[in-house]
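Novice: The following block contains the structure, expressed as C-alpha cells.
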Amino acid sequence: MIGSTSPSVQPETIFYQHGESPAQRTTFGYLATDHPRLDAVQNGISAVCAVISSTAIAVIAVLTTVEVVSRMAFDSPLGWNVGLVEQYLMMSIAFFGTVTAYRSGAHVAVATIFERVPVLARKILLILTYLLILGSLVLLVYSSTQAAHFAFVTGQAPPPGMADLPWPTWSWKSIIPVAAILGAIVVAIDLYRELTSSVDRVSTDYETNGTTEGS
C-alpha cells in the first residue's frame, strides 16, 4: 500500500513593506535622513497631541469609575462629568488624536494602486493629497475660530444652576482650531518636502500598506 501525505498548509503572513522613502519608524512618527529638523518638529507636534489625547482617555476612564461608584454606592451622581467628557475630553481625543494618527501612519490605507504607478505619478498623488488635507484644515481653522470668537464676545456659558461646569463655551470650542493648526503644520511640512525634492523621488512615502504573502 502506497502511503500519501497531504500538503502542509501554511498561514498567510502579513508584514510591513518599506515605502519609497527610507525612514526609521518611531512611536510618534518617522526619522528620515534628509530633513532631521523637520522630522523633529513633526514628531514633537505628534507627541504633544498624543499626550493630550491619551490623557483625555485616562481621565474618561477615571471619571467613569468615579461616576459609577458615586451613583451606585452613594446615590449621588456627579452630573458635571457628562459635559466635561462630551465637550472637552472627546473633542481632544478626536482632533488631537487625528494629528498623531496622521504622522504615525495609523490611519487605514489601501495602497494597492499607489504602489503600482510610476514614481512621478505617486509624487503628484501625494502632493494633491497634502493640498486637499491642508485646504480642509485651513477651512476648519477658519470656521472653528469664528465659532470660538463668537462664543467669547457673546460671553456664552452654561446657565447658572446647570449640572455642567461653569466654564465659558469658547474654552472647549478652541480645541478644534488649536488641533487643526498643529495638524496643518505637520501636513505643510510634508507638502514642502515633496515640492522641494527631485521629481524622480518620492520623499514622504515612508512605508506602504501591509502586504500579504502566502505559500
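Residues are named by chain letter and number: chains run A, B, ... in the order of the C-alpha cells, numbers start at 1 in each chain, and ligands are numbered from 1 in the order shown.
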Write out as an MDAnalysis selection string the set of residues from region 28-187 of chain A that DSSP, computed on the backbone, places in helix (DSSP H, G or I).
Specialist: chainID A and resid 36:74 80:103 114:116 119:153 169:173 175:187
Novice: With only C-alpha atoms counted and 10 Å as the cut-off, give the residues of region 86-159 of chain A in contact with region 170-182 of chain A, each with its shortest interatomic distance in Å and the pair that gives it, as a tab-separated table.
Specialist:
```
residue	atom	partner	partner_atom	distance
A:Glu86	CA	A:Trp172	CA	9.8
A:Gln87	CA	A:Trp172	CA	6.0
A:Tyr88	CA	A:Trp172	CA	5.6
A:Leu89	CA	A:Trp172	CA	9.2
A:Met91	CA	A:Ile175	CA	7.0
A:Ser92	CA	A:Ile175	CA	6.7
A:Ala94	CA	A:Ile176	CA	9.3
A:Phe95	CA	A:Ala179	CA	5.8
A:Phe96	CA	A:Ala179	CA	5.4
A:Gly97	CA	A:Ala179	CA	8.9
A:Thr98	CA	A:Ala179	CA	8.7
A:Val99	CA	A:Leu182	CA	7.4
A:Leu134	CA	A:Ala180	CA	9.4
A:Ser136	CA	A:Ala180	CA	9.3
A:Leu137	CA	A:Ala180	CA	5.7
A:Val138	CA	A:Ala180	CA	7.6
A:Leu139	CA	A:Ala180	CA	9.4
A:Leu140	CA	A:Ala180	CA	6.8
A:Val141	CA	A:Pro177	CA	4.6
A:Tyr142	CA	A:Pro177	CA	7.6
A:Ser143	CA	A:Pro177	CA	8.4
A:Ser144	CA	A:Pro177	CA	5.6
A:Thr145	CA	A:Pro177	CA	5.9
A:Gln146	CA	A:Pro177	CA	9.4
A:Ala147	CA	A:Lys173	CA	7.1
A:Ala148	CA	A:Trp170	CA	4.7
A:His149	CA	A:Trp170	CA	7.0
A:Phe150	CA	A:Trp170	CA	8.0
A:Ala151	CA	A:Trp170	CA	5.2
A:Phe152	CA	A:Trp170	CA	5.4
A:Val153	CA	A:Trp170	CA	9.1
A:Thr154	CA	A:Trp170	CA	9.7
A:Gly155	CA	A:Trp170	CA	8.3
A:Gln156	CA	A:Trp170	CA	7.3
A:Ala157	CA	A:Trp170	CA	8.2
```
Novice: Can you write just those residues out, N, CA and C atoms, as a compact mmCIF listing (two decimals), in the first residue's frame?
Specialist:
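Output file result_17.txt is given in full below:
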```
# COMPACT_ATOMS: atom_id res chain seq x y z
N GLU A 86 -18.04 65.10 27.05
CA GLU A 86 -18.52 65.36 25.69
C GLU A 86 -17.83 66.56 25.05
N GLN A 87 -17.66 67.63 25.82
CA GLN A 87 -17.19 68.87 25.23
C GLN A 87 -15.67 69.01 25.21
N TYR A 88 -15.01 68.46 26.19
CA TYR A 88 -13.56 68.64 26.30
C TYR A 88 -12.78 67.38 25.96
N LEU A 89 -13.10 66.29 26.64
CA LEU A 89 -12.26 65.09 26.52
C LEU A 89 -12.46 64.38 25.19
N MET A 91 -13.59 65.67 22.43
CA MET A 91 -13.07 66.56 21.39
C MET A 91 -11.55 66.47 21.31
N SER A 92 -10.89 66.40 22.46
CA SER A 92 -9.43 66.30 22.48
C SER A 92 -8.97 64.99 21.86
N ALA A 94 -10.56 63.15 19.62
CA ALA A 94 -10.84 63.11 18.19
C ALA A 94 -9.87 63.98 17.39
N PHE A 95 -9.65 65.22 17.82
CA PHE A 95 -8.90 66.14 16.98
C PHE A 95 -7.39 66.08 17.22
N PHE A 96 -6.96 65.99 18.46
CA PHE A 96 -5.53 65.85 18.70
C PHE A 96 -5.05 64.45 18.32
N GLY A 97 -5.90 63.46 18.56
CA GLY A 97 -5.53 62.09 18.19
C GLY A 97 -5.38 61.92 16.69
N THR A 98 -6.15 62.67 15.91
CA THR A 98 -6.05 62.60 14.46
C THR A 98 -4.68 63.06 13.97
N VAL A 99 -4.12 64.07 14.62
CA VAL A 99 -2.80 64.57 14.23
C VAL A 99 -1.74 63.49 14.43
N LEU A 134 -4.55 69.90 3.60
CA LEU A 134 -4.20 71.23 4.11
C LEU A 134 -5.33 72.23 3.88
N SER A 136 -8.50 71.54 3.69
CA SER A 136 -9.57 71.20 4.63
C SER A 136 -9.26 71.71 6.04
N LEU A 137 -8.00 71.58 6.44
CA LEU A 137 -7.61 72.05 7.76
C LEU A 137 -7.67 73.56 7.87
N VAL A 138 -7.29 74.26 6.81
CA VAL A 138 -7.39 75.72 6.82
C VAL A 138 -8.84 76.16 6.96
N LEU A 139 -9.75 75.52 6.24
CA LEU A 139 -11.17 75.84 6.37
C LEU A 139 -11.68 75.52 7.77
N LEU A 140 -11.18 74.41 8.34
CA LEU A 140 -11.59 74.04 9.70
C LEU A 140 -11.08 75.06 10.71
N VAL A 141 -9.85 75.52 10.54
CA VAL A 141 -9.32 76.55 11.43
C VAL A 141 -10.16 77.82 11.34
N TYR A 142 -10.49 78.21 10.12
CA TYR A 142 -11.26 79.45 9.93
C TYR A 142 -12.64 79.36 10.58
N SER A 143 -13.37 78.30 10.28
CA SER A 143 -14.75 78.19 10.79
C SER A 143 -14.78 77.99 12.30
N SER A 144 -13.88 77.16 12.82
CA SER A 144 -13.88 76.90 14.27
C SER A 144 -13.38 78.10 15.06
N THR A 145 -12.45 78.87 14.48
CA THR A 145 -12.00 80.10 15.15
C THR A 145 -13.13 81.12 15.22
N GLN A 146 -13.89 81.21 14.14
CA GLN A 146 -15.05 82.11 14.16
C GLN A 146 -16.04 81.70 15.23
N ALA A 147 -16.29 80.40 15.36
CA ALA A 147 -17.24 79.92 16.37
C ALA A 147 -16.73 80.21 17.78
N ALA A 148 -15.44 79.98 18.01
CA ALA A 148 -14.87 80.25 19.34
C ALA A 148 -14.88 81.74 19.64
N HIS A 149 -14.57 82.56 18.63
CA HIS A 149 -14.57 84.02 18.83
C HIS A 149 -15.97 84.53 19.13
N PHE A 150 -16.97 84.01 18.41
CA PHE A 150 -18.35 84.43 18.67
C PHE A 150 -18.78 84.06 20.09
N ALA A 151 -18.38 82.85 20.52
CA ALA A 151 -18.72 82.43 21.89
C ALA A 151 -18.03 83.31 22.92
N PHE A 152 -16.83 83.79 22.59
CA PHE A 152 -16.09 84.65 23.52
C PHE A 152 -16.71 86.03 23.63
N VAL A 153 -17.00 86.65 22.49
CA VAL A 153 -17.51 88.03 22.52
C VAL A 153 -18.93 88.09 23.06
N THR A 154 -19.68 87.01 22.91
CA THR A 154 -21.06 87.00 23.43
C THR A 154 -21.14 86.44 24.85
N GLY A 155 -20.01 86.00 25.38
CA GLY A 155 -19.99 85.51 26.76
C GLY A 155 -20.79 84.25 26.99
N GLN A 156 -20.80 83.36 26.00
CA GLN A 156 -21.56 82.11 26.14
C GLN A 156 -21.00 81.24 27.26
N ALA A 157 -21.90 80.68 28.05
CA ALA A 157 -21.52 79.80 29.16
C ALA A 157 -22.77 79.04 29.60
```
Novice: With only C-alpha atoms as the basis for distance, which of A:Met162, A:Met90, A:Ile185, A:Val51 is at the shortest distance from Leu78 (chain A)?
Specialist: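 Under the stated criterion, the closest residue is A:Met162.
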Novice: Could you state the separation of CA of Val187 (chain A) and CA of Leu131 (chain A) in Å, given to one decimal place?
Specialist: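 Separation between CA of Val187 (chain A) and CA of Leu131 (chain A): 8.6 Å.
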Novice: For the atom pair CA of Ile93 (chain A) and CA of Thr169 (chain A), what is the interatomic distance in Å to one decimal place?
Specialist: 18.2 Å
Novice: Rounded to one decimal, what separation in Å do you get between CA of Ala58 (chain A) and CA of Gly83 (chain A)?
Specialist: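 CA of Gly83 (chain A) lies at a distance of 16.3 Å from CA of Ala58 (chain A).
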Novice: Set out as a tab-separated table a contact list for region 38-153 of chain A and region 190-205 of chain A with a cut-off of 8 Å, giving each residue of region 38-153 of chain A that qualifies its closest atom pair and distance in Å to one decimal, counting only C-alpha atoms, ordered by chain and rising residue number.
Specialist:
```
residue	atom	partner	partner_atom	distance
A:Val119	CA	A:Asp200	CA	6.2
A:Leu120	CA	A:Asp200	CA	6.0
A:Arg122	CA	A:Val202	CA	7.1
A:Lys123	CA	A:Val202	CA	5.5
A:Leu126	CA	A:Glu194	CA	7.9
A:Ile127	CA	A:Leu191	CA	6.1
A:Tyr130	CA	A:Leu191	CA	5.8
A:Leu131	CA	A:Leu191	CA	7.4
```
Novice: What would the file look like if the residues just selected were written as a tab-separated table (two decimals), in the first residue's frame with C-alpha atoms?
Specialist:
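Saved file result37.tsv follows:
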```
chain	number	residue	atom	x	y	z
A	119	VAL	CA	7.30	57.47	-9.20
A	120	LEU	CA	6.21	60.77	-10.76
A	122	ARG	CA	2.99	58.79	-6.86
A	123	LYS	CA	4.61	62.14	-6.18
A	126	LEU	CA	0.91	62.76	-2.63
A	127	ILE	CA	1.09	66.47	-3.43
A	130	TYR	CA	-1.47	67.09	1.00
A	131	LEU	CA	-3.10	70.06	-0.72
```
Novice: Write out as a PyMOL selection string the residues lying within 8 Å of Pro77 (chain A), counting only C-alpha atoms and excluding same-chain residues fewer than 5 positions away.
Specialist: chain A and resi 67-68+70-71
Novice: What are the DSSP strand (DSSP E or B) residues of region 17-183 of chain A, as a list in words?
Specialist: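 Everything in region 17-183 of chain A that counts as strand (DSSP E or B) is His18, Gln24, Arg25, Tyr30 and Leu31 of chain A.
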Novice: Show which residues sit within 8 Å of Val186 (chain A), as a list in words. Count only C-alpha atoms, and ignore same-chain residues fewer than 6 positions away.
Specialist: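 My reading of the contact set: Val41, Gln42, Ile45, Val99 and Arg103 of chain A.
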Novice: If you keep N, CA, C and O atoms, can you produce a file of those selected residues as a PDB file, in the first residue's frame?
Specialist:
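Resulting contents of result14.pdb:
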```
ATOM      1  N   VAL A  41      10.298  68.521  14.354  1.00  0.00           N
ATOM      2  CA  VAL A  41       9.113  69.370  14.524  1.00  0.00           C
ATOM      3  C   VAL A  41       7.842  68.539  14.394  1.00  0.00           C
ATOM      4  O   VAL A  41       6.930  68.612  15.235  1.00  0.00           O
ATOM      5  N   GLN A  42       7.760  67.732  13.340  1.00  0.00           N
ATOM      6  CA  GLN A  42       6.568  66.918  13.126  1.00  0.00           C
ATOM      7  C   GLN A  42       6.366  65.901  14.249  1.00  0.00           C
ATOM      8  O   GLN A  42       5.247  65.733  14.751  1.00  0.00           O
ATOM      9  N   ILE A  45       5.237  67.686  17.515  1.00  0.00           N
ATOM     10  CA  ILE A  45       3.806  68.013  17.493  1.00  0.00           C
ATOM     11  C   ILE A  45       2.977  66.755  17.697  1.00  0.00           C
ATOM     12  O   ILE A  45       1.997  66.745  18.466  1.00  0.00           O
ATOM     13  N   VAL A  99      -4.119  64.068  14.620  1.00  0.00           N
ATOM     14  CA  VAL A  99      -2.801  64.574  14.230  1.00  0.00           C
ATOM     15  C   VAL A  99      -1.742  63.492  14.427  1.00  0.00           C
ATOM     16  O   VAL A  99      -0.906  63.234  13.551  1.00  0.00           O
ATOM     17  N   ARG A 103       0.567  61.459  11.507  1.00  0.00           N
ATOM     18  CA  ARG A 103       2.027  61.466  11.483  1.00  0.00           C
ATOM     19  C   ARG A 103       2.623  60.077  11.684  1.00  0.00           C
ATOM     20  O   ARG A 103       3.655  59.735  11.106  1.00  0.00           O
TER      21      ARG A 103
END
```
Novice: Residues near region 79-82 of chain A, anyone? I mean within 7 Å using only C-alpha atoms, not counting same-chain ones fewer than 4 positions away, as a PyMOL selection string.
Specialist: chain A and resi 63+86+163-165
